[in-house]
Amino acid sequence: MRVLIVSDCYAPRLGGIETQVQDLARNLRLAGHEPAVVTATPVGDDRGRSVERDDGFPVYRTTANLPGELPVHPRAGRELGELMSRLRPDVVHAHVGIVSPFAWSGIAAARRAGLPLAVTFHCVLGPWASAAGVLGPVGPVRLWQRGGADLTAVSSMLAADVQRAGAHDPVTVLPNGITVDDWRLERPGPQVIGAHRPVTVVASLRWIERKRPLQVVRAFAQAVRSTPGTDALLRIYGDGPLRDRLTQEVTDSGLADRITLVGRVERSELARAFTRADIYLQTSPADSFGISTLEARTAGLAVVALRSSGVSDFVTDGVDGLLADDETGLARELAALLGDDDLLGRIKAHNYEITPLPVWGSVVQMNVEAYHRAIDLRGAR
């Protein structure tokens with residue numbers, strides 16, 4: 001099947017959508033399909049039209065000179081229409097967030113060309129869902145669906161969001177995928193916790209307001225203060241505009257000697273870091289899926305996360321980790337793990353031994369099923 005994947009964001013940018021789109025294309029190709037990616041994300045200083053090969057599939061870049069390397073193109077509709085006319089894919093798969101002008105242009109171009117269309121939502125919609133829902137039959141989600149698009153979302157929580165935005169049919173959950181071998185590495189050194197080594201807590205996220213990196217420090221500090229005798233450490237991976245505020249938060253916590261702001265690292269280095277850690281702390285209610293959390297859980301870390309996020313699709317409370325209802329609860333659940341070596345060891349052993357459900361083998365098949373639904377919907381029209 002020839003699949004044209006449309007995404008505003010792509011490598012070399014690092015993020016959830018970027019890595020998932022790239023991995024989806026790779027795994028579609030391994031399954032015998034013919035994927036191609038089109039994106040507005042530039043690479044280097046080149047702008048305009050370009051094409052490159054990435055693990056055997058083409059990546060088309062349609063980029064413009066804009067401040068901050070924004071993945072936007074003023075003539076995206078025309079450019080995408082011409083590309084679709086030339087490639088004639090069997091299906092177009094658009095990946096969208098709250099603001100995805102390039103993917104939205106791809107949706108419009110696919111509809112004009114009469115091509116089967118699958119749309120996957122990746123980000124919590126928040127107030128946008130209510131605003132789009134108020135528009136009813138003229139809202140974008142309802143129009144896409146009436147035009148024959150198959151709508152999917154990466155988690156149950158986000159699927160409900162899309163329905164609030166106007167979807168009139170059930171929205172299928174299409175989870176992000178994971179390559180287990182990339183994350184389940186051999187764990188070095190002794191795994192005995194307590195007298196032999198401190199518990200290491202990690203978080204990997206963009207340092208922006210929506211991801212709540214300051215709350216990572218606050219929850220850790222509160223948990224340590226409420227667990228006498230613990231010698232836990234915290235390592236935070238990522239980068240972003242809140243770097244200075246996060247640095248100040250670490251200083252103000254009184255635990256600066258235990259907290260390290262590592263910065264951004266490649267996935268292979270993060271996977272190795274997870275082998276030396278024990279707990280993954282997720283603090284954002286805006287995580288529609290939580291791919292970093294899934295990566296950590298696959299690596300064998302116990303998870304402490306918010307129940308209201310998309311993480312609850314693959315983390316069962318008391319089995320894969322501990323789920324909390326709010327920020328205070330996060331600190332409380334983290335303290336419970338810091339103070340109970342047996343519980344922590346049991347959850348870590350389970351997560352290292354039991355493979356999570358959204359592995360790429362099954363996720364690729366779920367994507368192909370969405371493509372067939374899109375083709376059937378277009379045929380019915």
# chains A, B, ... in the order shown; residues from 1 in each chain; ligands from 1

$ residues_around --residues "Leu343 (chain A)" --least-positions-apart "5" --cutoff "10 Å" --atoms "only C-alpha atoms" --output "number ranges by chain"
A: 302, 318-319, 321, 336-338, 348-349

$ select_by_dssp --residues "region 105-135 of chain A" --states "helix (DSSP H, G or I)" --output "list of chain:residue names"
A:Ser105, A:Gly106, A:Ile107, A:Ala108, A:Ala109, A:Ala110, A:Arg111, A:Arg112, A:Ala113, A:Pro127, A:Trp128, A:Ala129, A:Ser130, A:Ala131, A:Ala132, A:Gly133, A:Val134

$ write_last_selection --atoms "C-alpha atoms" --output "mmCIF file, in the first residue's frame"
data_model
loop_
_atom_site.group_PDB
_atom_site.id
_atom_site.type_symbol
_atom_site.label_atom_id
_atom_site.label_comp_id
_atom_site.auth_asym_id
_atom_site.auth_seq_id
_atom_site.Cartn_x
_atom_site.Cartn_y
_atom_site.Cartn_z
ATOM 1 C CA SER A 105 -3.446 21.831 4.363
ATOM 2 C CA GLY A 106 -2.675 18.191 3.638
ATOM 3 C CA ILE A 107 -6.171 17.202 4.724
ATOM 4 C CA ALA A 108 -7.702 19.827 2.427
ATOM 5 C CA ALA A 109 -5.470 18.772 -0.475
ATOM 6 C CA ALA A 110 -6.379 15.084 -0.038
ATOM 7 C CA ARG A 111 -10.084 15.956 -0.009
ATOM 8 C CA ARG A 112 -9.745 18.055 -3.170
ATOM 9 C CA ALA A 113 -7.901 15.204 -4.867
ATOM 10 C CA PRO A 127 -10.465 24.513 24.930
ATOM 11 C CA TRP A 128 -10.108 23.932 21.170
ATOM 12 C CA ALA A 129 -12.320 20.844 21.504
ATOM 13 C CA SER A 130 -15.139 22.832 23.079
ATOM 14 C CA ALA A 131 -14.841 25.621 20.504
ATOM 15 C CA ALA A 132 -14.860 23.170 17.597
ATOM 16 C CA GLY A 133 -17.763 21.273 19.147
ATOM 17 C CA VAL A 134 -19.862 24.432 19.386
#

$ select_by_dssp --residues "region 44-232 of chain A" --states "strand (DSSP E)" --output "JSON, numbers by chain"
{"A": [48, 49, 50, 51, 52, 53, 54, 57, 58, 59, 60, 61, 62, 63, 91, 92, 93, 94, 95, 96, 117, 118, 119, 120, 121, 150, 151, 152, 153, 172, 173, 200, 201, 202, 203, 204]}

$ write_last_selection --atoms "N, CA and C atoms" --output "compact mmCIF listing (two decimals), in the first residue's frame"
# COMPACT_ATOMS: atom_id res chain seq x y z
N GLY A 48 12.87 25.45 0.53
CA GLY A 48 12.25 25.15 -0.75
C GLY A 48 11.84 23.69 -0.79
N ARG A 49 11.88 23.10 -1.96
CA ARG A 49 11.54 21.68 -2.12
C ARG A 49 12.80 20.83 -2.09
N SER A 50 12.74 19.72 -1.40
CA SER A 50 13.85 18.77 -1.41
C SER A 50 13.31 17.38 -1.10
N VAL A 51 14.08 16.37 -1.44
CA VAL A 51 13.71 15.00 -1.12
C VAL A 51 14.96 14.26 -0.68
N GLU A 52 14.80 13.41 0.30
CA GLU A 52 15.91 12.62 0.82
C GLU A 52 15.40 11.21 1.11
N ARG A 53 16.31 10.30 1.38
CA ARG A 53 15.94 8.94 1.75
C ARG A 53 16.22 8.74 3.23
N ASP A 54 15.27 8.12 3.92
CA ASP A 54 15.42 7.85 5.35
C ASP A 54 15.06 6.38 5.57
N PHE A 57 12.81 4.99 2.69
CA PHE A 57 11.59 5.67 2.23
C PHE A 57 11.88 7.14 1.98
N PRO A 58 11.14 7.77 1.04
CA PRO A 58 11.42 9.17 0.73
C PRO A 58 10.81 10.13 1.75
N VAL A 59 11.52 11.20 2.02
CA VAL A 59 11.02 12.29 2.85
C VAL A 59 11.04 13.56 2.00
N TYR A 60 9.86 14.11 1.73
CA TYR A 60 9.73 15.33 0.94
C TYR A 60 9.62 16.51 1.91
N ARG A 61 10.47 17.49 1.72
CA ARG A 61 10.44 18.69 2.57
C ARG A 61 9.97 19.87 1.73
N THR A 62 8.96 20.55 2.24
CA THR A 62 8.44 21.76 1.61
C THR A 62 8.58 22.86 2.64
N THR A 63 9.64 23.64 2.56
CA THR A 63 10.01 24.54 3.64
C THR A 63 10.15 25.97 3.15
N VAL A 91 -3.52 6.09 0.12
CA VAL A 91 -4.14 6.75 1.26
C VAL A 91 -3.21 7.85 1.76
N VAL A 92 -3.80 8.93 2.26
CA VAL A 92 -3.05 10.01 2.90
C VAL A 92 -3.30 9.91 4.40
N HIS A 93 -2.21 9.96 5.19
CA HIS A 93 -2.32 9.87 6.65
C HIS A 93 -1.78 11.15 7.26
N ALA A 94 -2.68 11.99 7.76
CA ALA A 94 -2.30 13.28 8.35
C ALA A 94 -2.21 13.15 9.86
N HIS A 95 -1.13 13.69 10.43
CA HIS A 95 -0.91 13.67 11.87
C HIS A 95 -1.06 15.09 12.40
N VAL A 96 -2.02 15.29 13.30
CA VAL A 96 -2.38 16.65 13.71
C VAL A 96 -2.28 16.83 15.22
N LEU A 117 -8.47 9.26 3.19
CA LEU A 117 -7.80 10.10 4.18
C LEU A 117 -7.97 9.53 5.58
N ALA A 118 -6.85 9.36 6.27
CA ALA A 118 -6.84 8.99 7.70
C ALA A 118 -6.22 10.15 8.47
N VAL A 119 -6.84 10.51 9.59
CA VAL A 119 -6.36 11.62 10.41
C VAL A 119 -6.14 11.11 11.83
N THR A 120 -4.91 11.28 12.34
CA THR A 120 -4.60 10.87 13.70
C THR A 120 -4.30 12.09 14.56
N PHE A 121 -5.00 12.22 15.68
CA PHE A 121 -4.78 13.30 16.64
C PHE A 121 -3.74 12.86 17.67
N ASP A 150 -11.20 8.91 8.07
CA ASP A 150 -11.22 8.02 9.24
C ASP A 150 -10.44 8.71 10.35
N LEU A 151 -11.09 8.94 11.50
CA LEU A 151 -10.47 9.67 12.60
C LEU A 151 -9.98 8.71 13.67
N THR A 152 -8.74 8.93 14.11
CA THR A 152 -8.16 8.14 15.19
C THR A 152 -7.46 9.08 16.17
N ALA A 153 -7.20 8.58 17.37
CA ALA A 153 -6.48 9.34 18.39
C ALA A 153 -5.55 8.38 19.12
N THR A 172 -11.52 5.83 16.82
CA THR A 172 -10.69 4.66 17.13
C THR A 172 -9.40 5.09 17.81
N VAL A 173 -9.00 4.33 18.83
CA VAL A 173 -7.71 4.56 19.48
C VAL A 173 -6.62 3.89 18.65
N THR A 200 17.09 6.10 41.78
CA THR A 200 17.23 7.15 40.79
C THR A 200 15.88 7.37 40.10
N VAL A 201 15.39 8.61 40.18
CA VAL A 201 14.16 9.02 39.52
C VAL A 201 14.54 9.80 38.26
N VAL A 202 13.85 9.55 37.16
CA VAL A 202 14.15 10.27 35.92
C VAL A 202 12.87 10.83 35.32
N ALA A 203 13.04 11.86 34.49
CA ALA A 203 11.96 12.41 33.68
C ALA A 203 12.59 12.87 32.38
N SER A 204 11.87 12.69 31.27
CA SER A 204 12.34 13.12 29.96
C SER A 204 11.20 13.87 29.28

$ closest_residue --among "A:Glu209, A:Asp55, A:Asp317, A:Asp325" --to "Pro241 (chain A)" --atoms "only C-alpha atoms"
A:Glu209

$ closest_residue --among "A:Ser7, A:Asn351, A:Gln222, A:Thr227" --to "Ser253 (chain A)" --atoms "only C-alpha atoms"
A:Gln222

$ closest_residue --among "A:Ile279, A:Ala286, A:Ala335, A:Val363" --to "Asp161 (chain A)" --atoms "only C-alpha atoms"
A:Ala286

$ residues_around --residues "Arg184 (chain A)" --least-positions-apart "4" --cutoff "7 Å" --atoms "only C-alpha atoms" --output "VMD selection string"
chain A and resid 180 298 to 299

$ write_last_selection --atoms "N, CA and C atoms" --output "CSV table (one decimal), in the first residue's frame"
chain,number,residue,atom,x,y,z
A,180,VAL,N,10.6,-2.7,21.4
A,180,VAL,CA,11.0,-3.1,22.7
A,180,VAL,C,12.5,-3.2,22.8
A,298,THR,N,8.9,0.3,29.3
A,298,THR,CA,9.4,-0.8,28.5
A,298,THR,C,10.8,-1.1,29.0
A,299,ALA,N,11.6,-0.1,29.4
A,299,ALA,CA,12.9,-0.3,29.9
A,299,ALA,C,13.0,-0.9,31.3

$ closest_residue --among "A:Ile208, A:Leu115, A:Ile354, A:Val311" --to "Ser85 (chain A)" --atoms "only C-alpha atoms"
A:Leu115

$ atom_distance --atom1 "CA of Val141 (chain A)" --atom2 "CA of Val38 (chain A)"
21.9 Å

$ atom_distance --atom1 "CA of Arg86 (chain A)" --atom2 "CA of Pro74 (chain A)"
20.4 Å

$ closest_residue --among "A:Met1, A:Trp144, A:Asp341, A:Ile236" --to "Glu369 (chain A)" --atoms "only C-alpha atoms"
A:Met1

$ closest_residue --among "A:Ala380, A:Ala167, A:Ala232, A:Val216" --to "Thr328 (chain A)" --atoms "only C-alpha atoms"
A:Val216

$ residues_around --residues "Thr293 (chain A)" --least-positions-apart "4" --cutoff "7 Å" --atoms "only C-alpha atoms" --output "PyMOL selection string"
chain A and resi 280+282+297

$ residues_around --residues "Ala223 (chain A)" --least-positions-apart "6" --cutoff "7 Å" --atoms "only C-alpha atoms" --output "number ranges by chain"
A: 331-332, 334-335

$ residues_around --residues "Val304 (chain A)" --least-positions-apart "3" --cutoff "6 Å" --atoms "only C-alpha atoms" --output "list in words"
Leu281, Gly321, Leu322 and Leu323 of chain A

$ write_last_selection --atoms "N, CA and C atoms" --output "PDB file, in the first residue's frame"
ATOM      1  N   LEU A 281       9.051   9.655  36.405  1.00  0.00           N
ATOM      2  CA  LEU A 281       8.056  10.574  36.957  1.00  0.00           C
ATOM      3  C   LEU A 281       7.449  11.408  35.835  1.00  0.00           C
ATOM      4  N   GLY A 321       2.997   0.723  37.789  1.00  0.00           N
ATOM      5  CA  GLY A 321       3.417   1.906  38.519  1.00  0.00           C
ATOM      6  C   GLY A 321       2.293   2.366  39.421  1.00  0.00           C
ATOM      7  N   LEU A 322       2.350   3.626  39.827  1.00  0.00           N
ATOM      8  CA  LEU A 322       1.326   4.211  40.687  1.00  0.00           C
ATOM      9  C   LEU A 322       0.771   5.460  40.012  1.00  0.00           C
ATOM     10  N   LEU A 323      -0.554   5.563  39.979  1.00  0.00           N
ATOM     11  CA  LEU A 323      -1.222   6.684  39.337  1.00  0.00           C
ATOM     12  C   LEU A 323      -1.821   7.621  40.376  1.00  0.00           C
TER      13      LEU A 323
END

$ residues_around --residues "Gly148 (chain A)" --least-positions-apart "6" --cutoff "7 Å" --atoms "only C-alpha atoms" --output "PyMOL selection string"
chain A and resi 374+377-378
